[in-house]
Every structure is written in structure tokens, then in C-alpha cells.
Amino acid sequence: MSNSAESSRELVSALLQPRSVAVVGASDRIGVGQRVVANLRALDFGGELFLINPNRPRVADMPAYPSLADLPAVPDLVVAAVNREATVREVAEASRLGCRAAVVLAAGFGEAGDRGRELDAELRGVAREIALLGPNCLGFVNLIDGVAAYSGPLMEPPEPGTVALVSQSGALACVFTGAAAERGMRFSHVITTGNQVGLGFVDYLRYLARHPDVDVIACYVEGFSDGRALLGAMREAVDAGKRVIVLKAGRSRAGGAAASTHTGTLAGSAAIQLSVWRQHGILVATDPEEFLALIELCSRTPALTGSRVGILTISGGERLLIADAAEELGVPLARFGDATAERLAAALPAYASIANPLDTTGAGVVDGNTDAQRRAAILVTEDPNVDVVVACQDAKNGWIQEAHSSRLFRDCVAAAADAATAAAKPLMVISPTTGDVDAEAREYLRQREIPLLMGLRPGLGALAQLIRAQATGRGQPAGAGPADEPAPAWASPAPRGGVALSGEVSLARLAEHGVPVCPTRPAASAAEAVGAADEFGYPVVLKIDGQGIQHRSELGGVRTGLDSAAAVRAAWRDLAGVAASAGPGTGVLVQPMITGGVELFVGGLRDEQFGPVILVGSGGVLLEFVQDTAAGLAPLDDAAALSLIASTRAHRLLRGFRGGPAADMERLASALAAISRVAAQPDVVALDVNPLIALPAGVAVVDAKVVTAGDGGGAARGDAARDREPT
């Protein structure tokens with residue numbers, strides 16, 4: 001369903017906040033109808049509840065009506081808990097009567113054969129007139145307003161929280177809410193979207209982005225068609241101060257002929273999604289455990305005021321594992337100040353290693369003496385270099401003692417909790433392994449709203465992501481406009497297939513749009529090559545060029561450092577033979593040799609979900625080995641281009657590495673923005689720029705390949721000269 005933002009929110013509100021509900025298919029027999037009625041009553045739904053069953057006058061000790069038409073009033077929401085054939089009839093009847101919304105629980109529509117597709121089309125027709133959730137879903141729970149049009153198990157206990165879960169899978173929604181219950185997490189809403197015949201993910205995100213009682217939106221996504229609309233809705237939530245978490249399942253291939261370029265091999269759709277979401281401050285989980293860790297962390301951690309982390313543990317071996325994982329996952333560890341280090345050395349046993357992560361050695365804790373532990377926690381927490389405190393301590397019932405509780409856990413964590421509270425710094429607890437959490441430990445943390453993250457890598461990975469997302473600027477990068485803005489001209493998919501233009505023609509096309517390309521001349525003879533070299537000045541580079549040439553160096557098709565006319569003549573003769581064996585239309589190009597600078601790769605492709613995408617990262621011969629690329633939505637403006645560059649590892653080189661000169665970032669951003677405008681043109685399927693050389697003063701694009709849906713208006717340009725006999 002495509003709606004403006006305001007109408008979208010109104011439709012979702014009609015669905016999630018009904019004043020009256022009718023359940024079609026209500027029954028006393030165990031099944032979806034019985035569970036929906038039980039869930040509504042379990043939440044003490046405060047509106048009118050109507051039960052529809054043509055075969056029984058009473059259901060669940062309530063009056064039952066034969067049909068919707070027999071009800072004494074028109075309900076706001078109809079829940080269709082009947083088979084697919086009956087569902088279409090009942091939803092059509094609900095629409096005719098003037099009902100505002102419907103939940104369709106049945107499966108067997110667009111995902112199930114010819115008849116299913118026929119029913120799907122009928123249901124879509126009805127969905128234009130009514131706010132519709134499903135089909136093939138479990139419905140929704142709105143714990144804020146006490147509504148559960150839901151056939152799954154209710155949360156335990158069904159108490160409202162600040163986390164909204166939107167899931168394309170009903171079964172996984174149950175998995176997440178069940179695991180969350182064990183950890184004491186609370187939800188505001190659980191929405192299972194199913195096939196999204198009517199309302200879709202974007203609509204629910206728009207509604208939740210403005211909801212005053214929602215702080216975190218957790219999304220399980222299997223597939224989507226309009227990535228920009230989805231991203232726009234997520235950005236709306238991020239800009240409203242919500243934390244948005246995504247767990248994405250499934251992959252789709254990139255569109256067009258991108259596979260014929262470096263871009264197509266380096267950036268599948270999953271990689272694009274990961275990079276684009278992170279560029280916009282959205283947290284991305286890779287598995288259910290990390291998803292739950294992010295939900296726990298985001299729902300119980302206030303906005304961070306800094307990124308430097310201090311970690312406490314009582315185990316030397318654990319300290320080493322934490323240090324390894326922190327480095328690999330990108331957790332920025334604080335360096336303790338000299339005064340802190342001196343005081344820690346005095347407070348802890350002489351054999352303690354004073355470093356971050358800090359092994360406090362557990363001195364005295366087993367015997368019930370927590371003085372050293374508390375002193376160490378205070379010193380670490382008060383250190384001005386520490387912004388975030390982590391206590392790593394096993395929280396499971398393996399430490400059960402005579403009172404069936406983990407005294408060791410409570411003593412160690414309490415020391416850190418008291419210190420963090422006094423210093424007004426956020427604290428999180430990581431239990432290095434997963435499993436059944438000690439009941440007393442769980443209750444202690446729940447009462448103090450301290451996040452407990454299960455598993456060392458999921459926990460530290462979640463923390464690293466939160467720190468990275470919070471560092472992402474709030475400014476909205478180009479290409480990620482509001483979800484309901486009109487689609488630009490390039491939004492329609494490019495045709496399949498495509499023509500790879502020659503390097504000369506590709507460079508010319510880029511130059512026409514303001515990209516600073518290296519001067520390039522075709523040379524159909526040795527004399528023309530020398531003439532071009534004399535014009536450019538020595539040294540120069542000669543290379544073969546033609547449509548379909550991808551790896552010149554592997555063909556022996558490049559000669560560099562040519563510093564004389566004689567060297568140019570000899571190189572041209574060698575390359576003329578290579579060009580002849582490479583195929584018709586292959587010739588030789590001459591360019592001035594660019595020395596110094598940082599080589600970057602810039603790619604573009606037409607993604608099936610996000611449309612035109614631009615990638616940037618380390619380039620040159622290391623492209624395939626380093627694979628340091630970040631993706632953004634094309635076209636970019638200069639500010640978004642700078643942000644994209646800053647998210648790559650190449651950024652360290654561009655700032656001046658080990659005393660080297662810094663690159664001209666202003667001109668680099670301008671060049672990247674210009675390339676992105678070419679990538680966003682309707683006929684461009686994919687492009688590669690490799691290398692783009694970022695210099696201390698200026699930028700030079702040395703080589704490029706553009707793949708178009710046609711011939712680009714000049715694929716044959718210069719071919720006549722190349723077809724002459726070499727001399």
C-alpha cells in the first residue's frame with residue numbers, strides 16, 4: 001500500500017488502536033480463533049468484543065453472532081480467523097459495512113499456487129478500501145493500548161515496554177519475544193506483517209517513528225522491493241530519536257549487468273544493505289543472538305556521551321578473550337590515565353596487570369570481601385578517559401551456591417553498578433556465555449535497568465555497533481529522502497543486460513559530467529603515441545583499450561614510466577600486438593603518468609532494491625584483496641560523499657599516513673559526487689572507476705568502465721581511427 005506519511009500513520013492507527021473488535025471464526029476449540037479471543041481477554045481489552053460463529057450461539061461464555069452483518073454495531077477491526085476462501089469474503093464484507101481495519105491470519109495466498117494468487121489479487125482489491133494486516137501472519141499485540149489481535153503466545157508477563165518489534169515472520173516473532181521474556185525485556189508492540197498485501201513495513205515504521213512510548217524499533221526483514229522508501233522510514237525514526245535495529249534474512253542479486261564490472265563482484269545486495277543502513281545510523285544484527293543483544297542494550301542504555309570503554313573482569317583468561325574480541329569488533333578501549341593506573345596498582349594485588357580490560361583478580365570476592373573490587377571499579381569509572389563501563393561476569397546458574405543464587409555475580413556487578421551510578425556513566429554487563437541466567441542476578445539487573453548481554457562476541461559486537469551508530473551524523477545524506485517523496489526519473493529499473501563502453505568513451509562520458517579525468521589520447525600509430533606523449537610531457541603510460549577489456553595487466557596490456565620517445569615507440573609496437581590478439585576494436589591509449597596520491601575505487605550499480613548505488617574504497621591493484629568498500633545511495637552531494645569516504649579504511653591514508661601528505665578532500669568529495677550523478681542516470685547499469693587518484697592538490701580519474709543499457713551514444717567513438725593499419 002503506497003500512502004503519504006500522514007495517511008499511512010492514520011491507517012496503522014486504525015488497525016492498532018480499535019475501539020471495537022470482531023473475531024470471525026471465534027471458537028472454543030483450540031486454534032487461531034480461540035487464541036485471538038483468549039489474548040484479547042487476557043489483556044482486558046477495554047472496547048467492545050464481538051464473536052462471529054454461524055454454528056454456535058455462545059463462544060467463550062460470550063454471545064456469538066452468525067455474521068458481521070448481524071452485529072449490533074460496525075466494529076473498527078475485524079480479525080479473520082478462517083480459511084483463505086472465507087477470509088476474502090469476510091474482509092470484503094467488513095469493507096462493505098464500513099469497518100476501518102482487518103487482520104488476515106490465513107496463509108495460502110500469493111505464496112501458494114494459481115488459486116492462491118487469484119485470492120491474493122482479490123484481497124489486494126479489498127485492501128485499497130481498508131487498513132489490512134497480513135495475510136499469512138499472527139496478527140499484532142499493542143500492549144500500550146491493551147489490544148491483542150494475535151494468534152501467537154502473549155509475552156510473559158504482558159507488561160508494556162518501550163520496544164516495538166516488527167517482523168515479517170510470525171514464528172520468529174515468537175522466538176524473539178520468548179527469549180526476551182527470559183531476559184526481562186518488555187515490548188510496546190509486536191507486529192507480524194506476513195505477506196503485506198495491504199499495509200507494509202514502511203507504514204508500520206512511519207507510525208512507530210512518531211509514537212511517544214516507543215524508544216526502540218526492532219525489525220526482522222526477509223525481503224523488500226523499495227529500499228529507499230524503507231530507508232526513508234527508518235531514517236524518520238532515527239531522526240525522531242528512536243534506535244532502529246535490523247535483522248535481515250535472505251539475499252538478492254544486484255540488477256543490470258553489474259556482474260561484468262568489479263562493482264558487481266564486490267557488492268552483493270546484502271553488502272549494500274549493510275553499508276547503507278549503517279551509513280544512516282541504523283543498527284544491523286547478523287543473527288538472532290546479536291539482535292536480542294542490541295534490543296537489550298538499546299532499550300536500557302541512555303544516549304552515550306562518549307565512546308571510550310573501560311572493562312572490568314575477575315579473570316585473567318577472560319581479559320585476554322575480551323581484548324581480542326574488542327579489537328576485532330572495533331570496541332574503542334579507553335587508555336587509563338597515569339593517576340588511575342597508579343591508584344589501581346596500589347588497590348590491587350601486586351600480581352595484577354594494570355591494563356584495559358582490567359583483571360581485578362577477584363581478590364577477596366570468594367571470601368565475601370569486595371573492598372578491592374569496589375575500589376577498582378570506582379577508579380576505572382571515575383577515570384576521565386572512560387565514557388562507558390562494562391562488567392564482564394558470568395551470570396549463569398553454574399555459580400549456584402547454597403542459597404541457589406550467584407553471590408559472586410552480585411558482589412562483582414554491584415561494585416561496578418554503584419561506581420557507575422555515582423559517576424553518572426552508563427554500565428552494561430556481559431556474561432561471556434549464554435544460558436539460563438541466575439534468577440537473583442536477573443532480578444538485580446532488571447530493577448536497576450542494567451542491560452545484560454549474553455555471549456562475549458554478541459555483547460561486544462552490539463556495543464561496538466551502538467557506539468558507531470551514535471557517532472553517525474544526524475544530517476540526512478543525499479538520496480535518502482522522506483519515504484513518500486516522488487520517485488525521481490532514475491527510479492525505474494534499468495533494462496537487463498547492457499553494453500560495456502570502452503575506457504576512452506567511459507572517461508569521455510564522465511568528463512562531460514564534470515568528473516576530473518586524466519587527459520587521454522588514442523594512438524593508432526607509434527607516431528601518434530609519441531605526439532601525445534610530447535604534448536603531455538614525460539613520463540607517460542600506454543595501455544590497451546576496447547569494449548570488454550577488464551584486466552589489462554593480466555593481458556600484459558599496460559606499459560608505465562615511459563620517459564622518452566624511443567620508449568614510447570617500443571611500447572606502442574608491443575601493445576599493438578597485444579591489442580590485435582585481444583579482439584576487434586581494441587586499440588592503444590596514451591596518458592600522462594600520475595605519481596603519488598592515494599588510489600581509490602569508485603563503483604556504481606543499479607540495485608534491485610535501492611536503485612542507483614555508489615561504492616567507494618581502496619583501489620588500484622589491491623581492490624579485490626582489501627575489499628574496503630562502503631555504499632551510499634546515488635546521487636550524493638559533497639557532504640554525503642565526504643561521509644561515505646570517512647566510513648572506509650582508506651580514509652586513514654587520505655588524511656596523511658605516516659607523515660605523507662593529506663589528500664585534497666574537497667575536490668575528492670566533488671569528484672565522487674559527480675561520479676554518483678553519472679551512476680544515477682537512467683541508462684547507466686553499472687560503472688567502475690579504478691583507480692581514482694586522490695592527490696594533495698586535485699583528483700585524477702585514470703581508468704573507468706561504464707555499462708549502459710544501450711551504447712551510451714558513443715560506444716564506437718574513435719573506432720575508425722583504431723581500425724587503420726598500424727605503422
# chains A, B, ... in the order shown; residues from 1 in each chain; ligands from 1
>>> closest_atom_pairs(of="stretch 110-160 of chain A", to="stretch 88-101 of chain A", cutoff="6 Å", atoms="only C-alpha atoms", output="Markdown table")
| residue | atom | partner | partner_atom | distance |
| --- | --- | --- | --- | --- |
| A:Leu123 | CA | A:Val88 | CA | 5.9 |
| A:Val126 | CA | A:Ala92 | CA | 5.9 |
| A:Ile130 | CA | A:Ala101 | CA | 5.3 |
| A:Ala131 | CA | A:Ala101 | CA | 4.4 |
| A:Leu132 | CA | A:Ala101 | CA | 5.7 |
>>> write_last_selection(atoms="N, CA, C and O atoms", output="PDB file, in the first residue's frame")
ATOM      1  N   LEU A 123      -7.893 -10.074  -2.650  1.00  0.00           N
ATOM      2  CA  LEU A 123      -7.643  -9.439  -1.354  1.00  0.00           C
ATOM      3  C   LEU A 123      -6.986  -8.071  -1.536  1.00  0.00           C
ATOM      4  O   LEU A 123      -7.289  -7.113  -0.811  1.00  0.00           O
ATOM      5  N   VAL A 126      -9.572  -5.486  -2.204  1.00  0.00           N
ATOM      6  CA  VAL A 126     -10.282  -5.061  -0.999  1.00  0.00           C
ATOM      7  C   VAL A 126      -9.389  -4.177  -0.132  1.00  0.00           C
ATOM      8  O   VAL A 126      -9.850  -3.221   0.504  1.00  0.00           O
ATOM      9  N   ILE A 130      -9.445  -0.580   3.003  1.00  0.00           N
ATOM     10  CA  ILE A 130      -9.422  -0.914   4.420  1.00  0.00           C
ATOM     11  C   ILE A 130      -7.965  -1.099   4.844  1.00  0.00           C
ATOM     12  O   ILE A 130      -7.121  -1.518   4.048  1.00  0.00           O
ATOM     13  N   ALA A 131      -7.638  -0.749   6.087  1.00  0.00           N
ATOM     14  CA  ALA A 131      -6.285  -0.969   6.605  1.00  0.00           C
ATOM     15  C   ALA A 131      -6.124  -2.445   6.912  1.00  0.00           C
ATOM     16  O   ALA A 131      -6.778  -2.965   7.827  1.00  0.00           O
ATOM     17  N   LEU A 132      -5.272  -3.129   6.160  1.00  0.00           N
ATOM     18  CA  LEU A 132      -5.213  -4.585   6.242  1.00  0.00           C
ATOM     19  C   LEU A 132      -3.825  -5.064   6.648  1.00  0.00           C
ATOM     20  O   LEU A 132      -2.820  -4.675   6.039  1.00  0.00           O
TER      21      LEU A 132
END
>>> residues_around(residues="stretch 419-421 of chain A", least_positions_apart="6", cutoff="7 Å", atoms="only C-alpha atoms", output="mmCIF file with all heavy atoms, in the first residue's frame")
data_model
loop_
_atom_site.group_PDB
_atom_site.id
_atom_site.type_symbol
_atom_site.label_atom_id
_atom_site.label_comp_id
_atom_site.auth_asym_id
_atom_site.auth_seq_id
_atom_site.Cartn_x
_atom_site.Cartn_y
_atom_site.Cartn_z
ATOM 1 N N ALA A 377 36.637 -0.717 40.752
ATOM 2 C CA ALA A 377 35.506 -0.250 39.942
ATOM 3 C C ALA A 377 35.359 1.263 40.026
ATOM 4 O O ALA A 377 35.097 1.943 39.024
ATOM 5 C CB ALA A 377 34.225 -0.935 40.404
ATOM 6 N N ILE A 378 35.541 1.805 41.210
ATOM 7 C CA ILE A 378 35.436 3.258 41.370
ATOM 8 C C ILE A 378 36.528 3.967 40.577
ATOM 9 O O ILE A 378 36.276 4.966 39.885
ATOM 10 C CB ILE A 378 35.509 3.633 42.868
ATOM 11 C CG1 ILE A 378 34.241 3.161 43.589
ATOM 12 C CG2 ILE A 378 35.706 5.140 43.047
ATOM 13 C CD1 ILE A 378 34.342 3.247 45.098
ATOM 14 N N THR A 381 35.826 3.744 36.801
ATOM 15 C CA THR A 381 34.650 4.526 36.419
ATOM 16 C C THR A 381 34.916 6.028 36.526
ATOM 17 O O THR A 381 34.406 6.810 35.718
ATOM 18 C CB THR A 381 33.457 4.136 37.307
ATOM 19 O OG1 THR A 381 33.260 2.728 37.221
ATOM 20 C CG2 THR A 381 32.187 4.832 36.863
ATOM 21 N N LEU A 427 26.456 1.753 32.359
ATOM 22 C CA LEU A 427 27.048 0.451 32.664
ATOM 23 C C LEU A 427 26.294 -0.622 31.916
ATOM 24 O O LEU A 427 25.063 -0.578 31.822
ATOM 25 C CB LEU A 427 26.970 0.168 34.172
ATOM 26 C CG LEU A 427 27.294 -1.268 34.617
ATOM 27 C CD1 LEU A 427 28.782 -1.570 34.452
ATOM 28 C CD2 LEU A 427 26.844 -1.513 36.052
#
>>> select_by_dssp(residues="stretch 220-441 of chain A", states="helix (DSSP H, G or I)", output="MDAnalysis selection string")
chainID A and resid 227:239 258:260 262:266 269:279 288:300 316:329 338:347 371:382 397:399 407:423 439:441
>>> closest_residue(among="A:Leu304, A:Ala416, A:Val499, A:Val701", to="A:Arg468", atoms="only C-alpha atoms")
A:Leu304
>>> residues_around(residues="A:Ala233", least_positions_apart="2", cutoff="8 Å", atoms="only C-alpha atoms", output="VMD selection string")
chain A and resid 202 205 to 206 209 229 to 231 235 to 237 482 to 483
>>> closest_residue(among="A:Ala694, A:Cys298, A:Ala270, A:Val331", to="A:Thr286", atoms="only C-alpha atoms")
A:Ala270
>>> closest_residue(among="A:Phe336, A:Ala582, A:Asp688, A:Ala669", to="A:Gly604", atoms="only C-alpha atoms")
A:Asp688
>>> atom_distance(atom1="atom CA of A:Leu283", atom2="atom CA of A:Val244")
6.1 Å
>>> atom_distance(atom1="atom CA of A:Pro302", atom2="atom CA of A:Leu463")
12.6 Å
